[in-house]
Protein chains: 2
Amino acid sequence: MARATVQDVAKTAGVSVGTVSRVLNKSPAVSESSKEKVTAAIRQLNYRPLASARDLRRDRTMRILALAKNLNSPIISEAFRGVGDAAASSGYVSLIAPTAGNLEREQQLVDMLRNGSVDGLIMFSPTMPDEDVNDMAEQLSVVQICEIADSEAAFGVSIDDRQAAFDITRHLIETGGRRLAMIGNRAARSGRLREEGFRRAAAEAGMFPEQMLFVEGEFDFHTGRRLTRKLLTADPLPDAVFCGSDTVAAGCVREITDAGLRVPDDIAVAGFDDSVQAEMCVPELTTIRQPAYDMGRLAFEELLARMTVPGPHRRGRTFLPHELVVRDSTRT
Amino acid sequence: MARATVQDVAKTAGVSVGTVSRVLNKSPAVSESSKEKVTAAIRQLNYRPLASARDLRRDRTMRILALAKNLNSPIISEAFRGVGDAAASSGYVSLIAPTAGNLEREQQLVDMLRNGSVDGLIMFSPTMPDEDVNDMAEQLSVVQICEIADSEAAFGVSIDDRQAAFDITRHLIETGGRRLAMIGNRAARSGRLREEGFRRAAAEAGMFPEQMLFVEGEFDFHTGRRLTRKLLTADPLPDAVFCGSDTVAAGCVREITDAGLRVPDDIAVAGFDDSVQAEMCVPELTTIRQPAYDMGRLAFEELLARMTVPGPHRRGRTFLPHELVVRDSTRT
DNA sequence: CTTCAATTTGGAATCGATTCCAATTGAATG
DNA sequence: CATTCAATTGGAATCGATTCCAAATTGAAG
């Protein structure tokens, strides 16, 4: 049996397609008796309005798409939960897709916005150049989150990465850190901002740039270990390391411990994100908490405005407050 | 400026809509000169075919959707990577959405298959009852993965959870485990199967059911700690604990260590999944590796068959081989 | 310079739901 | 009982891309 259409429902119910449609869309201009007949026919035929036909006519889909390099980052999944809740309460369905840092894949997904498969787009970590993101945001409903391209056109929600890095580096210094090191990631814009914050705090404490150890790579556990091994060849050894993510910090702690040194007594370690890994680590990590859920909600609210209200929109970034979470991987 | 349509392109290029469409769909029956004119017009107008119109006419979307309770499970994100790669190489776009264990949310997403928003559905961890999954699989393109409802109708890909649990429990016994305990989760079908495997292995080793400690809860770190505290009140203490996930095992190890006992000398601990947490844990976890990526690929291939080939399909489950990964959290 | 076949093209019909307009019904009013 | 108004309904037009059929064009062969 093929799919039932409004026509079928109309025939079965003995009314016109207009009436069926009005029932579907809860128009008040339908008599009680018609409504019942239509409802019965719908149930009998197991009818569902075809999305593509409806979308074509209405010129909107009530769907949005989020894009991220990968999905297993706790920040991303938490932020997307915020997006999803906010979207649901406005009647939108939210979907997400990983780009795997693959430009072609990302293009194909972004095309879903261009060709009207979805009404809006939330970008976590674009692979395309900033410039392209900006061109897109110029005319389409796009909101960035966490990673925000350097531009006037785009709107985005994030924490103040530079300030957060500054704050946690200050904490490392205030608790006795003198020879600071950082494990960062210059590939990401947020990574560059965190490096700036780190360097500024270190400079304010009187460190010279040459004294600041800096190594960089991807934000995963094994990279964290590898880069820490590199740091441990320095002489003198650093006495405080700021890591760009908790996962990296966990690798860092592990490597330091395996080398027979103590955290935080010999070397203090700080993470970033306050993911569950911060608590799983021994000692538990001092880190920066991002209000990921709220960032997600806010990003959707702004996207909604862009999708529904025509005309020019707010620009630039919106910062949400971060929080320094002090645990046991830094000195007291 | 509003969106350009085929009509606009046809007018600009000085050809008919038929010709434009033929160019778009790479029909060979178009002269070189027409093709050039159309291509130029498309570029000039920045034209993109509207997805809903195309989908309506073609009666398919070339999109599939995956559903999971949450996205930050390493198994799910790895399996979905497999789905995505397989889908991409068949020209499909794959999207994913978390249900958060919310039945209403799940229904709304499943409706996307019913109303033709997507062509197929992959379910990781359904919230709806098995029966409903089966009814759905009966007539729609649905494939289950990891968690597979108990049914004849559905098709699904997973490891043999019962056997895997049996194997790792055997390992615990062979390395000296005598008083076995398990931290499981009866809410999930895979959890119940793992429990069966655990009990069978323990029984084969001569343990009586009354001797087997079993506690259960969600598969997260804090639950792992809490349930382990419960286990540590037993007398005599267990000397080997099988945990239903690495995250839980990490919590278990942590709690045992904090209690002043040693892993694995006093109590051996085994995890499940071989996620990155297994390596982050100290000592590193003995665990079961699931071929998640391949499971994802296979799930898509089967979904593709269901979407394209009409008629009845293969039923029942397909098992992919798991692997016991021995590390340092169990005795030698 | 025809004739025939092959290639290319135009344009109407189609997919299914929505919406607008006109028509009908029914009730209420004078 | 005629008239007016509101409530309800039917049905055609519409959204935009595809596809089928018929028409037009081209080219080759005779």
# chains A, B, ... in the order shown; residues from 1 in each chain; ligands from 1
$ closest_atom_pairs --of "chain A" --to "chain B" --cutoff "9 Å" --atoms "only C-alpha atoms" --output "Markdown table"
| residue | atom | partner | partner_atom | distance |
| --- | --- | --- | --- | --- |
| A:Arg48 | CA | B:Asn115 | CA | 5.7 |
| A:Pro49 | CA | B:Asn115 | CA | 6.1 |
| A:Leu50 | CA | B:Asn115 | CA | 4.9 |
| A:Ala51 | CA | B:Asn115 | CA | 5.4 |
| A:Ser52 | CA | B:Ser52 | CA | 4.5 |
| A:Ala53 | CA | B:Leu56 | CA | 5.8 |
| A:Arg54 | CA | B:Ser52 | CA | 8.3 |
| A:Asp55 | CA | B:Ser52 | CA | 6.0 |
| A:Leu56 | CA | B:Ser52 | CA | 5.2 |
| A:Arg57 | CA | B:Ser52 | CA | 8.9 |
| A:Asp59 | CA | B:Ser52 | CA | 8.7 |
| A:Thr61 | CA | B:Ser52 | CA | 8.8 |
| A:Leu65 | CA | B:Leu95 | CA | 8.6 |
| A:Asn70 | CA | B:Ser77 | CA | 8.0 |
| A:Leu71 | CA | B:Ser77 | CA | 6.3 |
| A:Asn72 | CA | B:Asn72 | CA | 4.5 |
| A:Ser73 | CA | B:Asn72 | CA | 6.7 |
| A:Pro74 | CA | B:Asn72 | CA | 6.4 |
| A:Ile76 | CA | B:Asn72 | CA | 8.8 |
| A:Ser77 | CA | B:Asn72 | CA | 6.2 |
| A:Glu78 | CA | B:Asn72 | CA | 8.8 |
| A:Arg81 | CA | B:Pro98 | CA | 8.1 |
| A:Gly84 | CA | B:Pro98 | CA | 8.5 |
| A:Ala88 | CA | B:Arg105 | CA | 8.2 |
| A:Val93 | CA | B:Leu109 | CA | 7.6 |
| A:Ser94 | CA | B:Ala97 | CA | 7.1 |
| A:Leu95 | CA | B:Ala97 | CA | 5.1 |
| A:Ile96 | CA | B:Ile96 | CA | 5.4 |
| A:Ala97 | CA | B:Leu95 | CA | 5.1 |
| A:Pro98 | CA | B:Arg81 | CA | 8.1 |
| A:Ala100 | CA | B:Arg81 | CA | 8.5 |
| A:Arg105 | CA | B:Ala88 | CA | 8.2 |
| A:Gln108 | CA | B:Val93 | CA | 8.0 |
| A:Leu109 | CA | B:Val93 | CA | 7.6 |
| A:Asp111 | CA | B:Arg48 | CA | 8.7 |
| A:Met112 | CA | B:Ala51 | CA | 8.0 |
| A:Arg114 | CA | B:Arg48 | CA | 7.0 |
| A:Asn115 | CA | B:Leu50 | CA | 4.9 |
| A:Gly116 | CA | B:Ala51 | CA | 5.8 |
| A:Ser117 | CA | B:Ala51 | CA | 5.6 |
| A:Phe221 | CA | B:Met280 | CA | 7.6 |
| A:Thr247 | CA | B:Met280 | CA | 8.9 |
| A:Ala250 | CA | B:Met280 | CA | 7.2 |
| A:Gly251 | CA | B:Met280 | CA | 7.4 |
| A:Arg254 | CA | B:Met280 | CA | 7.9 |
| A:Val276 | CA | B:Phe221 | CA | 7.9 |
| A:Gln277 | CA | B:Gln277 | CA | 8.5 |
| A:Glu279 | CA | B:Phe221 | CA | 8.9 |
| A:Met280 | CA | B:Ala250 | CA | 7.2 |
| A:Cys281 | CA | B:Cys281 | CA | 7.8 |
| A:Val282 | CA | B:Val282 | CA | 8.5 |
$ write_last_selection --atoms "N, CA and C atoms" --output "compact mmCIF listing (two decimals), in the first residue's frame"
# COMPACT_ATOMS: atom_id res chain seq x y z
N ARG A 48 0.20 10.63 7.16
CA ARG A 48 1.13 11.67 7.65
C ARG A 48 1.37 12.64 6.51
N PRO A 49 1.24 13.91 6.77
CA PRO A 49 1.54 14.89 5.71
C PRO A 49 2.98 14.72 5.26
N LEU A 50 3.20 14.75 3.97
CA LEU A 50 4.54 14.60 3.42
C LEU A 50 5.35 15.87 3.66
N ALA A 51 6.49 15.71 4.29
CA ALA A 51 7.27 16.88 4.69
C ALA A 51 7.68 17.73 3.49
N SER A 52 8.12 17.09 2.41
CA SER A 52 8.63 17.91 1.31
C SER A 52 7.53 18.76 0.69
N ALA A 53 6.33 18.21 0.58
CA ALA A 53 5.23 18.98 0.01
C ALA A 53 4.89 20.16 0.92
N ARG A 54 4.82 19.88 2.19
CA ARG A 54 4.51 20.94 3.15
C ARG A 54 5.60 22.01 3.16
N ASP A 55 6.84 21.56 3.19
CA ASP A 55 7.95 22.51 3.23
C ASP A 55 7.96 23.39 1.98
N LEU A 56 7.69 22.77 0.85
CA LEU A 56 7.69 23.51 -0.41
C LEU A 56 6.66 24.63 -0.35
N ARG A 57 5.49 24.28 0.08
CA ARG A 57 4.42 25.26 0.10
C ARG A 57 4.66 26.34 1.15
N ASP A 59 7.49 27.14 2.59
CA ASP A 59 8.80 27.77 2.46
C ASP A 59 9.56 27.82 3.78
N THR A 61 11.08 24.73 6.99
CA THR A 61 11.14 23.32 7.35
C THR A 61 10.97 23.07 8.84
N LEU A 65 20.20 22.77 11.72
CA LEU A 65 21.33 21.85 11.68
C LEU A 65 22.51 22.47 12.41
N ASN A 70 33.74 17.14 15.46
CA ASN A 70 33.36 15.82 15.95
C ASN A 70 32.40 15.97 17.11
N LEU A 71 31.76 14.88 17.46
CA LEU A 71 30.63 14.96 18.39
C LEU A 71 30.98 14.59 19.80
N ASN A 72 32.14 13.98 20.02
CA ASN A 72 32.37 13.45 21.36
C ASN A 72 33.05 14.42 22.31
N SER A 73 33.08 15.68 21.93
CA SER A 73 33.54 16.67 22.90
C SER A 73 32.42 16.97 23.87
N PRO A 74 32.73 16.95 25.17
CA PRO A 74 31.67 17.19 26.16
C PRO A 74 31.07 18.58 26.02
N ILE A 76 30.70 20.32 23.27
CA ILE A 76 29.80 20.33 22.13
C ILE A 76 28.50 19.61 22.45
N SER A 77 28.61 18.45 23.07
CA SER A 77 27.36 17.73 23.28
C SER A 77 26.49 18.44 24.31
N GLU A 78 27.13 19.09 25.27
CA GLU A 78 26.35 19.84 26.26
C GLU A 78 25.72 21.08 25.62
N ARG A 81 22.86 20.16 23.58
CA ARG A 81 21.68 19.86 24.39
C ARG A 81 20.90 21.16 24.64
N GLY A 84 19.14 22.04 21.48
CA GLY A 84 18.00 21.14 21.27
C GLY A 84 16.81 21.52 22.14
N ALA A 88 13.37 22.85 20.62
CA ALA A 88 12.14 22.09 20.83
C ALA A 88 11.04 22.98 21.37
N VAL A 93 13.00 21.19 15.13
CA VAL A 93 13.78 19.97 15.32
C VAL A 93 15.22 20.33 15.07
N SER A 94 16.12 19.88 15.92
CA SER A 94 17.53 20.19 15.73
C SER A 94 18.32 18.92 15.46
N LEU A 95 19.14 18.99 14.45
CA LEU A 95 19.97 17.86 14.06
C LEU A 95 21.41 18.29 14.12
N ILE A 96 22.30 17.30 14.18
CA ILE A 96 23.71 17.66 14.20
C ILE A 96 24.47 16.70 13.30
N ALA A 97 25.57 17.17 12.75
CA ALA A 97 26.38 16.31 11.88
C ALA A 97 27.84 16.67 12.09
N PRO A 98 28.69 15.67 12.12
CA PRO A 98 30.12 15.90 12.26
C PRO A 98 30.75 16.13 10.88
N ALA A 100 34.18 16.13 10.56
CA ALA A 100 35.46 15.43 10.59
C ALA A 100 36.57 16.30 10.01
N ARG A 105 32.89 17.53 2.98
CA ARG A 105 31.75 17.10 3.78
C ARG A 105 31.04 18.30 4.37
N GLN A 108 28.93 20.09 1.80
CA GLN A 108 27.70 19.37 1.50
C GLN A 108 26.65 19.64 2.58
N LEU A 109 27.11 19.73 3.81
CA LEU A 109 26.18 19.96 4.91
C LEU A 109 25.70 21.40 4.92
N ASP A 111 25.39 23.17 2.40
CA ASP A 111 24.45 23.27 1.29
C ASP A 111 23.02 22.97 1.72
N MET A 112 22.88 22.22 2.80
CA MET A 112 21.54 21.93 3.28
C MET A 112 20.83 23.22 3.70
N ARG A 114 21.66 26.20 2.25
CA ARG A 114 21.49 26.91 0.97
C ARG A 114 20.31 26.39 0.17
N ASN A 115 20.10 25.09 0.19
CA ASN A 115 19.02 24.54 -0.63
C ASN A 115 17.71 24.36 0.14
N GLY A 116 17.67 24.91 1.33
CA GLY A 116 16.42 24.89 2.07
C GLY A 116 16.06 23.57 2.72
N SER A 117 17.05 22.70 2.93
CA SER A 117 16.77 21.48 3.67
C SER A 117 16.56 21.78 5.15
N PHE A 221 44.28 13.01 24.33
CA PHE A 221 45.05 12.47 25.44
C PHE A 221 46.49 12.14 25.04
N THR A 247 41.30 17.01 28.55
CA THR A 247 41.84 15.76 28.04
C THR A 247 43.35 15.84 27.93
N ALA A 250 44.82 15.78 31.32
CA ALA A 250 44.88 14.43 31.88
C ALA A 250 46.13 13.71 31.37
N GLY A 251 46.41 13.88 30.09
CA GLY A 251 47.63 13.29 29.53
C GLY A 251 48.87 13.88 30.16
N ARG A 254 49.34 12.56 33.67
CA ARG A 254 49.78 11.17 33.60
C ARG A 254 51.27 11.07 33.31
N VAL A 276 33.93 15.89 32.35
CA VAL A 276 33.95 14.84 33.35
C VAL A 276 35.37 14.33 33.57
N GLN A 277 36.21 14.48 32.56
CA GLN A 277 37.59 14.03 32.70
C GLN A 277 38.35 14.79 33.78
N GLU A 279 37.27 15.44 36.61
CA GLU A 279 37.02 14.76 37.88
C GLU A 279 37.58 13.34 37.88
N MET A 280 37.73 12.78 36.69
CA MET A 280 38.25 11.42 36.62
C MET A 280 39.76 11.39 36.84
N CYS A 281 40.38 12.50 36.59
CA CYS A 281 41.84 12.58 36.71
C CYS A 281 42.26 12.52 38.18
N VAL A 282 43.44 11.98 38.41
CA VAL A 282 44.00 11.98 39.76
C VAL A 282 45.34 12.69 39.71
$ select_by_dssp --residues "range 71-319 of chain A" --states "strand (DSSP E)" --output "ChimeraX atom specification"
/A:93-98,120-123,142-145,155-159,180-184,213-216,240-243,268-270,287-289,316-319
$ closest_atom_pairs --of "chain B" --to "chain C" --cutoff "8 Å" --atoms "only C-alpha atoms (C1' of nucleotides)" --output "CSV"
residue,atom,partner,partner_atom,distance
B:Ser16,CA,C:DG10,C1',5.9
B:Gly18,CA,C:DG10,C1',7.3
B:Thr19,CA,C:DT9,C1',7.2
B:Ala29,CA,C:DT8,C1',6.6
B:Val30,CA,C:DT8,C1',6.4
B:Ser31,CA,C:DT8,C1',6.8
B:Leu56,CA,C:DC15,C1',5.5
B:Arg57,CA,C:DC15,C1',4.7
B:Arg58,CA,C:DC15,C1',7.8
B:Asp59,CA,C:DC15,C1',7.9
$ residues_around --residues "range 36-42 of chain A" --least-positions-apart "5" --cutoff "9 Å" --atoms "only C-alpha atoms (C1' of nucleotides)" --output "ChimeraX atom specification"
/A:4,6,8-15,19-20,23-24,31,47-48
$ atom_distance --atom1 "CA of Gln7 in chain B" --atom2 "C1' of DG16 in chain D"
8.6 Å
$ select_by_dssp --residues "range 66-300 of chain A" --states "helix (DSSP H, G or I)" --output "MDAnalysis selection string"
chainID A and resid 74:89 103:114 130:139 161:174 189:204 209:211 221:231 246:258 276:280 292:300
$ interface_residues --of "chain D" --to "chain B" --cutoff "10 Å" --atoms "only C-alpha atoms (C1' of nucleotides)" --output "list in words"
DC15, DG16, DA17, DT18 and DT19 of chain D
$ decode --residues "chain C" --atoms "C-alpha atoms (C1' of nucleotides)" --output "CSV table (one decimal), in the first residue's frame"
chain,number,residue,atom,x,y,z
C,1,DC,C1',17.4,18.8,-52.5
C,2,DT,C1',14.8,15.2,-50.2
C,3,DT,C1',14.2,11.9,-46.6
C,4,DC,C1',15.0,9.7,-42.5
C,5,DA,C1',17.1,9.1,-38.1
C,6,DA,C1',19.2,11.0,-34.2
C,7,DT,C1',19.8,14.7,-31.3
C,8,DT,C1',18.1,18.3,-28.8
C,9,DT,C1',14.5,21.2,-27.1
C,10,DG,C1',10.1,23.2,-25.2
C,11,DG,C1',6.5,23.0,-22.3
C,12,DA,C1',2.7,20.8,-19.9
C,13,DA,C1',1.7,17.6,-16.3
C,14,DT,C1',3.1,16.0,-12.0
C,15,DC,C1',4.4,15.4,-7.0
C,16,DG,C1',1.3,16.6,-2.2
C,17,DA,C1',0.0,20.2,1.0
C,18,DT,C1',-1.6,24.8,1.7
C,19,DT,C1',-4.3,28.9,1.0
C,20,DC,C1',-7.2,32.1,-1.0
C,21,DC,C1',-11.5,33.1,-3.0
C,22,DA,C1',-16.0,32.2,-4.0
C,23,DA,C1',-20.0,29.6,-2.8
C,24,DT,C1',-23.0,27.5,0.3
C,25,DT,C1',-25.3,26.8,4.5
C,26,DG,C1',-27.6,28.1,8.6
C,27,DA,C1',-29.1,31.1,12.0
C,28,DA,C1',-30.7,35.4,13.4
C,29,DT,C1',-33.0,39.7,12.6
C,30,DG,C1',-36.6,43.0,11.2
